[in-house]
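What follows is a single structure, written as structure tokens, with notes after it.
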Amino acid sequence: MSKQNPYHPKQVLGELNKLYKQGFIRALDYQFARFLAEQLPEEQDENSQQGLVLWLGALLSFQLGAGHSCVDLESLPSPLFGLSEKANKVEENGLLSAAPRLPATDALIDVLSSSPLVCFRSSADDAETIAPLCLEGSRLYLYRYWHYENEVAEYLKCLNTVNPLQGSPKGSIKENLHNAMERLFPKDIDNPWPRVAASLALKNRLLLISGGPGTGKTTTVTRTLALLLEQAALENSQLHIQLAAPTGKAAARLSESIVAAKSQLNVESTIREKIPDQAKTLHRLLGVIPGSLSFRFNRQNRLHLDLLLVDEASMIDLPMMHALLSALPDHARLILLGDKDQLASVEPGSVLAELCAHGNNTFSRHTGNYIQALADMQPEIDSQLPDSALANSICQLQKSYRFHEKSAIGDIARKVNVGDARVIDAYWRKELDSTGVSIFPLREAEATLQGAYQQYANFIQSCQKVNAHVDINAQLSAFSRFQILCATRQGEWSVAEINQWMEDRLHQKGLIDKNDWYIGCPIMITKNSYSHQLYNGDIGICLADPANQNQKRIYFPPVDPVSDPAPRGFLPSRLPPFDKVYAMTIHKSQGSEFDEVSMMYPPQDSPVLTRELLYTGITRAKKSCVIVSDKGILKTSIQRKTKRDSGLGQRL
């Protein structure tokens, strides 16, 4: 092997091994490159360039870990693997790593085209050849993720082109649906969008409803379900509805919201009773098979439903969306509910954001006429837009009922969302009582935590007085009024550091024994346990069991607060994996609401500090939000919009 050839497979594996040993890439990334090398012919010519495929394979694995579903060769990350110039010059254990210098896109494609590790796909290519890597245009995928992306697009196109009603409803059905629309969706000139969403639901099998906090997503969709049930009754058909959400916490919140919204419906009791109010997690809906990536319900064994409503759809990753769409019956309708501006899923993909990028409350002429006929309002029309366009299945709710026009939380959320970093100056060190939002420099982090400590100290002292189930539910509710949110799990001002700080301070003041379970200890479940009906993100509190000699149990909210409002208590030894939760990551807070939020940013900038992260954290607060951060880092994060390499949006 020539020492002058940096792209020989053996040379590249050596460099990747250095990066792995120095912690710049994951073991998974290095081992995937080794797997690819093992698929190459054993003897490689000394001029072989196949090491470039190994570089790209390791990079693809690395990028998947960061949420990308592919690598675009025309816009490779710079520097590769997030290596900084400083990191490249660090020598550790005699190993010196340098970021690879790759040739231009055309040269990379030439090498990929000659590799047995790569298969090629185009929009007109139906070839069955399969290889570990797949190249479509300039986008390089793991074959599995190309397959997910391609099939998700096909499923959605099918959902979007088959309408339950051919043309506009006529005669008595049209009149009855119009009357039902007037009854369920009273006209509001300032907010016509719920009526638009309901009209689209009547027309289409696919509906995406996006909106920020307080825009009435759950109210809109509950009334829409009632409207669809009335439509089914008029047509003498059945409509079996199922509710779902990505996490247990999100499923519980959806259930609670639907219960509340149902009670306000102006419908006959027979319609109200047909609206379900118990949501499942997506994993439970599809049926987890232990030790397998597959589910019990799939393309060969479809779900038994006519309409599926999924809340918090921004949290759904690409593989899960593929599994969900695969299991939908051919006739079923799908409603996706969420906030397109929130954080994307932890796993690869940003499905909801990519889909919603196709819609801006502008519709084709036919769809616009349909909306006008049912909703008595004429939406904006694009005469060039075909009726099969995805835009005709998307409704963006725009009026927030939680944040009034002069609300500080609403104001900062809107400005962060459009990348206006000047908003940081507007709320810098403002009096919290007068605005509801205040931003402080990091040097005041201790003072902020001291205020949080007092809240938690008061909470723990109140927990010691709990002596009945009604009090237990009250304490569970009380804990959700305030929360510390962190941008990171580890490092300075992270979840780990603040949880430790809080327990140390409570211990020093004699309020807890941190070496044992103590009254008031808050925990968050980190792994689903279907046998316990406890799910990732569920929060419980350690309290004394008044019916069992005050034995310590961890209490969680009831599964069904309507039919069985008693809290659920578990012995500590029976709990699935959990973490303490004086602080949680902003990612973990998705789907939650708190009266007051204190948000902590780290002292160093990082690619994870994005506009979407800040927006999500701010919008968890209902009344007040304190942010502690370096001003420059905060402004930079507002201007850093999440970009995930993907081809899904271009396929639709």
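Each chain in the structure tokens gets a letter, A, B and so on, in the order shown; residues start at 1 in every chain, and ligands are counted from 1 in the order they appear.
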Mind checking DSSP for stretch 95-334 of chain A and telling me the strand (DSSP E or B) residues as a ChimeraX atom specification? /A:95-96,118-120,133-136,139-142,206-211,241-245,280-281,288,295,307-310,333-334
Just-selected residues, C-alpha atoms written as a short mmCIF file (atom, residue, chain, number, x, y, z; two decimals), in the first residue's frame:
```cif
data_model
loop_
_atom_site.label_atom_id
_atom_site.label_comp_id
_atom_site.auth_asym_id
_atom_site.auth_seq_id
_atom_site.Cartn_x
_atom_site.Cartn_y
_atom_site.Cartn_z
CA LEU A 95 -2.51 9.41 18.51
CA LEU A 96 -2.90 12.47 16.33
CA VAL A 118 -23.43 1.22 -2.98
CA CYS A 119 -26.64 0.81 -4.95
CA PHE A 120 -28.24 3.59 -6.97
CA LEU A 133 -25.41 2.23 1.13
CA CYS A 134 -27.81 3.85 -1.32
CA LEU A 135 -27.11 6.90 -3.49
CA GLU A 136 -29.96 8.96 -4.92
CA ARG A 139 -27.88 12.13 -1.20
CA LEU A 140 -26.21 9.12 0.40
CA TYR A 141 -28.31 6.90 2.67
CA LEU A 142 -28.15 3.74 4.65
CA LEU A 206 -54.92 13.10 5.44
CA LEU A 207 -54.95 16.20 7.64
CA LEU A 208 -52.03 17.96 9.31
CA ILE A 209 -52.91 20.58 11.92
CA SER A 210 -49.99 22.64 13.19
CA GLY A 211 -50.10 25.42 15.73
CA ILE A 241 -61.40 6.34 16.04
CA GLN A 242 -58.10 5.71 17.85
CA LEU A 243 -55.98 8.31 19.69
CA ALA A 244 -52.20 8.06 20.00
CA ALA A 245 -49.07 10.03 20.86
CA LYS A 280 -52.12 5.01 23.54
CA THR A 281 -48.42 5.43 22.94
CA VAL A 288 -44.03 -3.98 20.56
CA PHE A 295 -44.26 -4.43 15.43
CA LEU A 307 -59.36 7.15 11.78
CA LEU A 308 -56.13 7.63 13.67
CA LEU A 309 -55.38 10.89 15.48
CA VAL A 310 -51.74 11.37 16.56
CA ARG A 333 -57.94 8.56 7.66
CA LEU A 334 -54.96 10.10 9.47
#
```
I'd like a table as a Markdown table: residues in stretch 544-597 of chain A with an atom no more than 12 Å from stretch 391-412 of chain A, each row giving the shortest atom pair and its distance in Å to one decimal, only C-alpha atoms counted, sorted by chain and rising residue number.
```
| residue | atom | partner | partner_atom | distance |
| --- | --- | --- | --- | --- |
| A:Glu593 | CA | A:Arg402 | CA | 11.4 |
| A:Asp595 | CA | A:Ile409 | CA | 11.6 |
| A:Glu596 | CA | A:Ile409 | CA | 11.0 |
| A:Val597 | CA | A:Ile409 | CA | 11.0 |
```
Selection: 8 Å around A:Ser48, only C-alpha atoms, excl. self and same-chain fewer than 5 positions, as a PyMOL selection string: chain A and resi 7-9
Nearby residues (only C-alpha atoms) at most 12 Å from A:Pro6, same-chain spacing under 2 positions excluded, as a PyMOL selection string: chain A and resi 1-4+8-15+46-52+54-55+98+100-103
So that I can check the surroundings of A:Gln384, please list as a PDB file with N, CA and C atoms, in the first residue's frame every protein, DNA and RNA residue that reaches within 12 Å of it, counting only C-alpha atoms and ignoring chain neighbours fewer than 4 positions away.
```pdb
ATOM      1  N   THR A 362     -52.770  28.271   2.003  1.00  0.00           N
ATOM      2  CA  THR A 362     -53.174  28.592   0.640  1.00  0.00           C
ATOM      3  C   THR A 362     -53.546  27.283  -0.039  1.00  0.00           C
ATOM      4  N   PHE A 363     -54.662  27.300  -0.812  1.00  0.00           N
ATOM      5  CA  PHE A 363     -55.200  26.046  -1.314  1.00  0.00           C
ATOM      6  C   PHE A 363     -55.485  26.117  -2.814  1.00  0.00           C
ATOM      7  N   SER A 364     -55.672  24.933  -3.406  1.00  0.00           N
ATOM      8  CA  SER A 364     -56.060  24.870  -4.814  1.00  0.00           C
ATOM      9  C   SER A 364     -57.477  25.418  -4.978  1.00  0.00           C
ATOM     10  N   ARG A 365     -57.853  25.708  -6.214  1.00  0.00           N
ATOM     11  CA  ARG A 365     -59.177  26.292  -6.437  1.00  0.00           C
ATOM     12  C   ARG A 365     -60.288  25.339  -5.997  1.00  0.00           C
ATOM     13  N   HIS A 366     -60.161  24.057  -6.321  1.00  0.00           N
ATOM     14  CA  HIS A 366     -61.197  23.095  -5.950  1.00  0.00           C
ATOM     15  C   HIS A 366     -61.314  22.983  -4.428  1.00  0.00           C
ATOM     16  N   SER A 388     -54.104  17.682  -5.830  1.00  0.00           N
ATOM     17  CA  SER A 388     -53.374  16.586  -5.179  1.00  0.00           C
ATOM     18  C   SER A 388     -52.193  17.078  -4.351  1.00  0.00           C
ATOM     19  N   ALA A 389     -51.947  18.396  -4.343  1.00  0.00           N
ATOM     20  CA  ALA A 389     -50.805  18.946  -3.605  1.00  0.00           C
ATOM     21  C   ALA A 389     -50.995  18.761  -2.102  1.00  0.00           C
TER      22      ALA A 389
END
```
The residue from A:Ala447, A:Leu511, A:Ile539, A:Leu76 with the smallest atom-to-atom distance to A:Phe479, counting only C-alpha atoms, is A:Ile539
Which residues, written as a list in words, have at least one atom at most 12 Å from A:Trp428, with only C-alpha atoms counted and residues fewer than 2 positions away on the same chain left out? Ile412, Ala421, Arg422, Val423, Ile424, Asp425, Ala426, Lys430, Glu431, Leu432, Thr435, Val437, Ser438, Ile439, Phe440, Pro441, Val626, Ile627, Val628, Ser629, Asp630, Lys631, Gly632, Leu634 and Lys635 of chain A
Proximity of stretch 100-192 of chain A to stretch 636-650 of chain A: per-residue shortest pair, 9 Å limit, only C-alpha atoms, as a Markdown table:
```
| residue | atom | partner | partner_atom | distance |
| --- | --- | --- | --- | --- |
| A:Arg139 | CA | A:Gly647 | CA | 7.7 |
| A:Trp146 | CA | A:Gly647 | CA | 8.8 |
| A:Glu149 | CA | A:Leu648 | CA | 5.8 |
| A:Asn150 | CA | A:Leu648 | CA | 7.3 |
| A:Val152 | CA | A:Leu648 | CA | 8.0 |
| A:Ala153 | CA | A:Leu648 | CA | 6.5 |
```
